[in-house]
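A short write-up of the structure that comes next.
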Amino acid sequence: MKLNIDGLLVYFPYDYIYPEQYSYMLELKRTLDAKGHGVLEMPSGTGKTISLLSLIVAYQRAFPLEVTKLIYCSRTVPEIEKVVEELRKLMEFYAKETEEVNNFLALALSSRKNLCIHPEEFDAVGRQVPLPAGVYNLDDLKDLGRRKGWCPYYLARYSILHANIVVYSYHYLLDPKIADLVSKELAKKSVVVFDEAHNIGKDLQRLWLSGMSEPFLAFPEGLKKDFKMSKRLEKLLFSTDNVCIDSMSVNITRRTLDRCQNNVDTLQNTIQRIKETDAAKLREEYRRLVEGLKEANVARETDVYLANPVLPDEILKEAVPGSIRTAEHFVGFLRRFLEYLKSRLRVQHVVQESAPQFLKDIFDKVCIDRKPLRFCAERLQSLLRTLEITDISDFSAVTLISNFATLVSTYSQGFTIIIEPFEDRTPTIANPVLHFSCMDPSIAIKPVFQRFQSVIITSGTLSPVDIYPRILDFRPVTMASFTMTLARTCLCPLIVGRGNDQVALSSKFETREDFAVIRNYGNLLLEMSAVVPDGIVAFFTSYVYMENIVASWYEQGILENIQRNKLIFIETQDAAETSMALEKYQEACENGRGAILLSVARGKVSEGIDFVHHFGRAVIMFGVPYVYTQSRILKARLEYLRDQFQIRENDFLTFDAMRHAAQCVGRAIRGKTDYGLMIFADKRYARADKRGKLPRWIQEHINDGSLNLTVDEAVQLSKHFLRQMAQPFSQVDQLGLSLLTLEQLESPEMLKKIAQIAHQT
Amino acid sequence: MASLSEEVLLVVKKVRQKKQDGTLYLMAERIAWGPEGKDRFTVSHSYSDIRCQKISPDGKAKVQLQLVLHTGESTTFHFANESTSRKDWEAAKELLQQLLPKFKKKANKELEEKNKMLQEDPVLFQLYKDLVVSQVISAEEFWANRLGGINNGESAACENKQEVGISGAFLADIRPQTDGCNGLRYNLTADIIESIFRTYPAVKQKYKENVPHNLTEKEFWTRFFQSHYFHRDRISTGTQDIFSECARQDEKGLKSLVTQGVKNPMVDLLSLEDKTLDEGYGISSALPSTSHASRTVKESSNFAIIKRFNHHSAMVLAAGSRKRDVPADQASETSSTDGNSRDSDFFQPPLKKVKLQEAIEYEDLQQENRPKTVALNLKKSDRYAHGPVPLQSQQYTTSQDIINSVNYIKHEMSNYKPNLTQVLSSAAASSAIAALSPGGVLMQQVAQQAINQMVPTEIQAELKHLYVAAGELLRHFWTCFPVNTAFLEEKLTGHLECMLQAAYSKFHIWQTRRMMRKT
C-alpha cells in the first residue's frame, strides 16, 4: 500500500496497516524533518521495525542529500537478521511497485565469528571492493565471499562506509574499542536507530536510562518531590548485561597480570631489537609524541570521527608527558604500574574505593602521577604501531591494563574500584579480582548523541517518555508513546496469592524452603498443565531456587504427574544444552504433545527468546525476581544511586524486580493475534506498590477480581479465558478497530482517532 | 528345496543326534541337522520355533546343546569331535545367542499382532471364541485366512495408522508401593517395558545381553529399579552396577545431541549475542564454577535430576518420531561426521530462511487467502465454556465440505422440477397407504410388536453369534473354490465337512437347549 505521510510517499509492503503504525510514522517523519533526536515508544508486536524502515527508506529516496545513511542498531544476531529480512521484503515491494532498478545498498555486520568462512586462513582480500547494490544478510555476505574468495567480514566492514543502510549490534557504536575500529568514519548525516529489538524487552531503555547523571540533579527541588518514586526509578534501572557499562568496566585477575607481565617482557625485547636495527623509528615516534596528539584533536574538532570516550578531551591538547615519552621509559612505567597492581591484589579483605582514592594511593606508594596514567592507553597504541606489531590480540592483557589506567585517571566520578580476595562461595580459595566498574554509562553513549544528525530511541516500554531528554541531556524534537490497539482482550494477568489450602504463596526468603509453598507451587503448575494447551513457560527467581524446587517436586512426585500432561524441559547454565532443550520444547509444542519449559528470570531465555502463539500460551512467574543483593558491585551501584539521586535501595530493587517479571510474562504475547495467560504466583504482586510498577499494558488488564486468587480460582478463570480466546479471530473482527485498509485510513474520523493514539500516555 | 538359497552361517561336523553322527548347519532362518552321508536334513527347526537353548555346564565330559521348542519338544546335539568339540560348541552357542532374540521378537510380534486384532475387534474375538475355543476349526486355520489379510494389508494399514507415541509419564506409572514388609512393589506392564525400551535403547541393549542367560527377567527389572540409573538423584557409588554403562551412554547421547547444535537459529542461545567484549572487560564477574569438584552433593544431585528430565523428555519426543526416519537419521549422521563444517553451512540457510520469514510475518497485515471456514456461532457462550464436552464421532467433515454440500443442496432444490407424468394416480396411492397402515389389508398378519421386542436380547445375541460363526465357516468353504491345489481338495473333502457338521450340531444343541428351557 502506498501511504501519504505528511506529504511523503511511503511504500508500505502490506495490504493493511495498524493505526499505531501510521501514527508512529508521522512522528518519525517529524523527527527527521527537524534533524533532531526522538524518543518513540510502541509496544512490541505492532510492527515497529517495518514502520521505521518504510519511512526512513522513503525519506532517503526523497531527500538523498539530507539523510545519507541509516544505522540500525539491534541487540542479538537473530534480530539483526530479522531486520535485514524485513528490509528485503520492503525492497522487493519497491521493485515491484516502481519497476525500476534500486541502487540501495543495505547490509548486516556481525562479529568475525559469524561472518568467517575460512577459519584456518587469514584472508583480507575484499577490503577495498565496492559491493553492488542490494540487500545483504549475513548469509548472503558469506555466499558472496565464498564465490569470490573474499573475506566477508572485511568486505562488510569496508562496505558499511558507503552503504545506505547498516544493521549491526549496539556494540559497534557504543563499545569504544570496537566503535573506534568500525564506526569511526560513518557519516554525520546518518540516522541512528536504537531498537530494543522487540524481544530484548527493556534492555535498551535500561541502558539509556541508567545514563542519568547531573541533569536530574538540576531539577528544581519542588519538581523532584512531585515525581513519583516509581517514575524516578524507572529511569535508573540498570542491568548486568548493560552494553555501555560492560564496555567501560574492567576486571583484573592474577592471570591478567601474569599475561600482562609477559606482554611487557615481549615489548621490552622488541624495543631492544628495534633499537639495534632501526633506531630512527623510535626517534620518529618520540618526535611525534612531543607534538602531541594534535592530529586527533584536529580530527575531533572538525568532527570527522566519532569521539572515543577512552580518549579524553584534555589529553588531546597536550603532549605526552616526558616521563613516558621514550619507549624504554614507558615500559618501565608499565612495570611499575603492574607491580603496584600485583601488590594491591595481595589483599586479605575486601577493599572498595573511588578513583581519586586509588590515584592517591598509587602516588603515595609508587610515585605514579595522574597525568602519565591518563596517556597510558594512547601511548601504548602508539608504541604498538611503532613496533609494527600485527597481532594486537596477543597484547590484550597489556591493552586492558592501559585502558584501565586511562579510565581510572580520567573519570573521578562514576566509577568504583572493588578488590575481592576470593569468591564468596569459596572463601578458602584465593582468587583475587579487581573490579573497576562503571556506574555511569552515559560516558559511553555521549559521543553518539553528539555526532549523529538524528538518533531515534525506540522500544516497547519507555514510559514516562517526557523525562528522557532531561536525563540524557539532549533536546529531542519528538517524544511519543503509542498504545497497542486491541480488538479483543488477548492477555489475562492473574495474581495467585494462595494455595488451595490457603497457604500464602511467596518466594520471599523466610518461606523459601517451606514445603507447603513449594507443594502449592507444584500444584499450580500441575493444574495449569492440565488446562493450558501446547506450551507453558515457567520462570523462577534464580537458578539455585529453581534447582531446589525441581528437586523437591521430584521427591514429591509432582513432576511425574506433570509429565502425564506435558513434557518437561529445564533451562541449565550451559547455553548449548539449553538451546537443545528449547528446540525440543518447540518441537513438542509443534507436534501437539505440549511441553513445559522451566526457566530463570534474568537468564538467557528470558532475555532473548520469544514464545509466540502456541509456544507460550501461559507464562507462570514463580515469586518476585529480586536481584541477588550480596554482590558488591551491585551494592556499589545502589550506593551510587543513593548518593547521586537519593533513591532508596528497596525502591530500586522492587522496581528492577517488577521490570524483570514483566519482561518474563511479556514473552508470551507478541502481536495482536497472539494470546496468553500471565500468572504471577506470589502474594506480594497484589500489593499496590508492586502492581503499580508493572507496565501499563499489563496493569490495565488486572482487575480487582484477579488479585488474590487461589490455585483453583485461577484455573477456573484460565479455562474461561482460553476457551474464549480459542474462538476464531479473523481479520474482519479487527478491521476498523485495530487494523485498517487504505480507505479506512483516509477517512477523517479515523485520522482523528489516530491522532489520539500518540498522546494516550 | 528352499534350503539351496539359504545362507549357511555355520557348519559343524561330527555332531551326534540320537546317537547318530551328522552335521549341524546353522542357517539364516533355521537350524538343521543331517546324518552323515545323506544330503537331507532329518532335523530342522526354524529359529522362531525355538524357545531357548540349554547348554551343558562347563567341564562336563559330554559337550551338549539342547534346543527347547515352543511346543515343549526338545532336541539334543552332542558335539563329538574330540579335539574341537568345545570350540565348536562355543561357536554354535554364540551364534544362536545372537540369532534367537531376533526371531523371538518376530514370533512375539506375530502373537502380539493377533492379540491386538482380537482386542480391537470384538466381533472377531467372539468368532474366535466360537470357532477356535470350541474347537470347530484350529487356530492356525482361523489365522491363516486372516493373517494373510493382515500381511498384505499390513503395509498399507500400518502406514496409515498413526504411530502411537509414548506417554511422558510412563515412569510415573510404576510408582512403587510398599508391600508392608520392608519391600517395594513396582507395577510393570508390557506397555511400560515397551516404553522403557523405546525411550532408553541402552536399557534394551542390556536386556538383550543379559536376559535370559545371566539374569531372569525378574532379576533384571529388580536390578533396574535398584540402580542409581533409575534413581538419578542418588549419586553413583560404584561401577558394579550393570546400568552404569547405560548412564554413560545416555550422557554421551545427550552430549552428542548438544554438540549437534540446534537447527533453528532463533533459539540458538550460543549465537544469540553478537558479543565482542574481550576477556577482562565487563562487570559480570565470572560465573560460579560448575565443575563437579566444587559442587556439594545436593547440588550435583539436583543437577543430575535436571539433566535427567531434559534427557528423558528429549528421548520421549524422539521415540515418537524415531521409527520411520531411522535410515535417514543414520545417513545424516554419517554425513555430518565425515562432512566438514562447510557443508553444515550449506545445509543451514533454507531452514534459517524459513524461520526468519516466519518471524517477520504479520499475518493479519496481509490479505488472507486461507480456505473459508464457518465460524462457530454461539448463542450462549457461557454454556460452551462451562458445559460438558460431548463425545464427537470420529468422522468429521471439513467446513469447506459443509459449505459445498449446503451449496449443492441449495442448487438441487432450486433446480427441482416435479415429474408429474410419472406419478401414481391418487386413488391407487391412497389405497396403497391404507393397505400398509396398521389394520390395513397388508398389515393384518403382522403383530403389533416388532420382532426385536418379542425375542429377549440374549437369545438374539446367541443367535447372532451362531450366525456369524456359520458365516465364517461358509466363507472358509467358499474360499476353497476353485479347487486347484491338493491342499484345498484335502481341506474340502476332509475336515471342512466335519466342521460344518460340528457347527450344525452346535446349532442343534443350542436349539434344543432353548426348547428345553422354554418348556
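Chains: A, B, ... in order of the C-alpha cells. Residues: from 1 per chain. Ligands: from 1, in order shown.
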
request  = Compile the residues of chain A that lie within 6 Å of chain B, evaluated using only C-alpha atoms, and express the compilation as a VMD selection string.
outcome  = chain A and resid 14 to 16 76 to 78 246 to 247 249 to 251 547 551 560 563 to 564 567 569 575 to 577 579 to 580 720

remark   = note - atom CA of A:Ile570 and atom CA of A:Tyr585 are separated by 9.4 Å

Expected answer as a PyMOL selection string: strand (DSSP E) residues in stretch 1-219 of chain A = chain A and resi 2-5+8-11+37-41+69-74+105-108+134-136+165-169+190-195

Any chance you could export the current selection's N, CA and C atoms as a compact mmCIF listing (two decimals), in the first residue's frame?
# COMPACT_ATOMS: atom_id res chain seq x y z
N LYS A 2 0.43 2.24 -0.69
CA LYS A 2 1.20 3.49 -0.73
C LYS A 2 0.54 4.49 0.20
N LEU A 3 1.34 5.06 1.08
CA LEU A 3 0.78 5.96 2.08
C LEU A 3 1.27 7.37 1.84
N ASN A 4 0.47 8.27 2.28
CA ASN A 4 0.88 9.65 2.24
C ASN A 4 1.12 10.10 3.67
N ILE A 5 2.41 10.14 4.05
CA ILE A 5 2.73 10.54 5.42
C ILE A 5 3.19 11.98 5.36
N LEU A 8 4.85 12.87 2.28
CA LEU A 8 5.91 11.97 1.80
C LEU A 8 5.28 10.67 1.32
N LEU A 9 5.69 10.24 0.13
CA LEU A 9 5.15 8.99 -0.40
C LEU A 9 5.90 7.82 0.22
N VAL A 10 5.19 7.03 0.97
CA VAL A 10 5.82 5.90 1.66
C VAL A 10 5.24 4.61 1.12
N TYR A 11 6.12 3.71 0.69
CA TYR A 11 5.66 2.39 0.27
C TYR A 11 5.65 1.48 1.49
N HIS A 37 16.72 14.52 17.52
CA HIS A 37 16.60 13.20 18.12
C HIS A 37 15.16 12.93 18.52
N GLY A 38 14.81 11.68 18.67
CA GLY A 38 13.45 11.36 19.03
C GLY A 38 13.36 10.18 19.97
N VAL A 39 12.32 10.17 20.78
CA VAL A 39 12.05 9.05 21.68
C VAL A 39 10.67 8.54 21.34
N LEU A 40 10.57 7.33 20.87
CA LEU A 40 9.29 6.79 20.45
C LEU A 40 9.03 5.46 21.11
N GLU A 41 7.90 5.37 21.76
CA GLU A 41 7.57 4.13 22.43
C GLU A 41 6.39 3.46 21.75
N LYS A 69 22.44 7.98 5.39
CA LYS A 69 22.66 6.62 5.87
C LYS A 69 21.73 6.33 7.05
N LEU A 70 21.30 5.10 7.12
CA LEU A 70 20.56 4.65 8.29
C LEU A 70 21.42 3.64 9.03
N ILE A 71 21.67 3.89 10.29
CA ILE A 71 22.41 2.93 11.12
C ILE A 71 21.41 2.33 12.09
N TYR A 72 21.12 1.07 11.91
CA TYR A 72 20.10 0.43 12.71
C TYR A 72 20.79 -0.49 13.71
N CYS A 73 20.68 -0.18 14.98
CA CYS A 73 21.35 -0.99 15.99
C CYS A 73 20.35 -1.90 16.67
N SER A 74 20.67 -3.15 16.66
CA SER A 74 19.81 -4.10 17.34
C SER A 74 20.68 -4.90 18.31
N LEU A 105 22.05 0.08 -1.17
CA LEU A 105 22.91 -0.96 -0.62
C LEU A 105 22.62 -1.06 0.88
N ALA A 106 22.21 -2.23 1.30
CA ALA A 106 21.92 -2.44 2.71
C ALA A 106 22.62 -3.70 3.15
N LEU A 107 23.25 -3.67 4.30
CA LEU A 107 23.90 -4.89 4.74
C LEU A 107 23.94 -5.00 6.25
N ALA A 108 24.15 -6.24 6.70
CA ALA A 108 24.28 -6.52 8.12
C ALA A 108 25.75 -6.72 8.41
N GLY A 134 22.07 -3.79 -3.37
CA GLY A 134 21.26 -4.93 -2.99
C GLY A 134 21.14 -5.02 -1.49
N VAL A 135 20.44 -6.06 -1.03
CA VAL A 135 20.27 -6.28 0.40
C VAL A 135 21.10 -7.50 0.78
N TYR A 136 22.01 -7.34 1.70
CA TYR A 136 22.88 -8.44 2.07
C TYR A 136 22.69 -8.82 3.53
N ILE A 165 22.13 1.56 4.18
CA ILE A 165 21.57 1.08 5.44
C ILE A 165 22.54 0.07 6.05
N VAL A 166 22.86 0.26 7.30
CA VAL A 166 23.72 -0.68 8.01
C VAL A 166 22.94 -1.21 9.21
N VAL A 167 22.94 -2.51 9.38
CA VAL A 167 22.29 -3.11 10.54
C VAL A 167 23.36 -3.83 11.34
N TYR A 168 23.58 -3.43 12.56
CA TYR A 168 24.52 -4.15 13.41
C TYR A 168 24.17 -4.03 14.88
N SER A 169 25.01 -4.58 15.71
CA SER A 169 24.64 -4.62 17.13
C SER A 169 25.14 -3.35 17.83
N SER A 190 23.81 10.77 9.31
CA SER A 190 23.17 9.47 9.43
C SER A 190 22.03 9.55 10.42
N VAL A 191 21.08 8.63 10.23
CA VAL A 191 20.05 8.45 11.24
C VAL A 191 20.41 7.19 12.02
N VAL A 192 20.51 7.32 13.33
CA VAL A 192 20.83 6.15 14.15
C VAL A 192 19.56 5.69 14.85
N VAL A 193 19.27 4.43 14.75
CA VAL A 193 18.10 3.89 15.44
C VAL A 193 18.58 2.86 16.45
N PHE A 194 18.22 3.05 17.68
CA PHE A 194 18.45 2.01 18.68
C PHE A 194 17.13 1.31 18.94
N ASP A 195 17.08 0.08 18.53
CA ASP A 195 15.84 -0.66 18.72
C ASP A 195 16.06 -1.64 19.86

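Excluding B:Leu99 itself and any same-chain residue fewer than 2 positions from it, the protein and nucleic acid residues within 12 Å of it, counting only C-alpha atoms, are Leu9, Leu26, Met27, Ala28, Glu29, Arg30, Ile31, Ser46, Tyr47, Ser48, Ile50, Arg51, Cys52, Gln53, Ala92, Lys93, Glu94, Leu95, Leu96, Gln97, Pro101, Lys102, Phe103, Lys104, Lys105, Lys106 and Lys208 of chain B.
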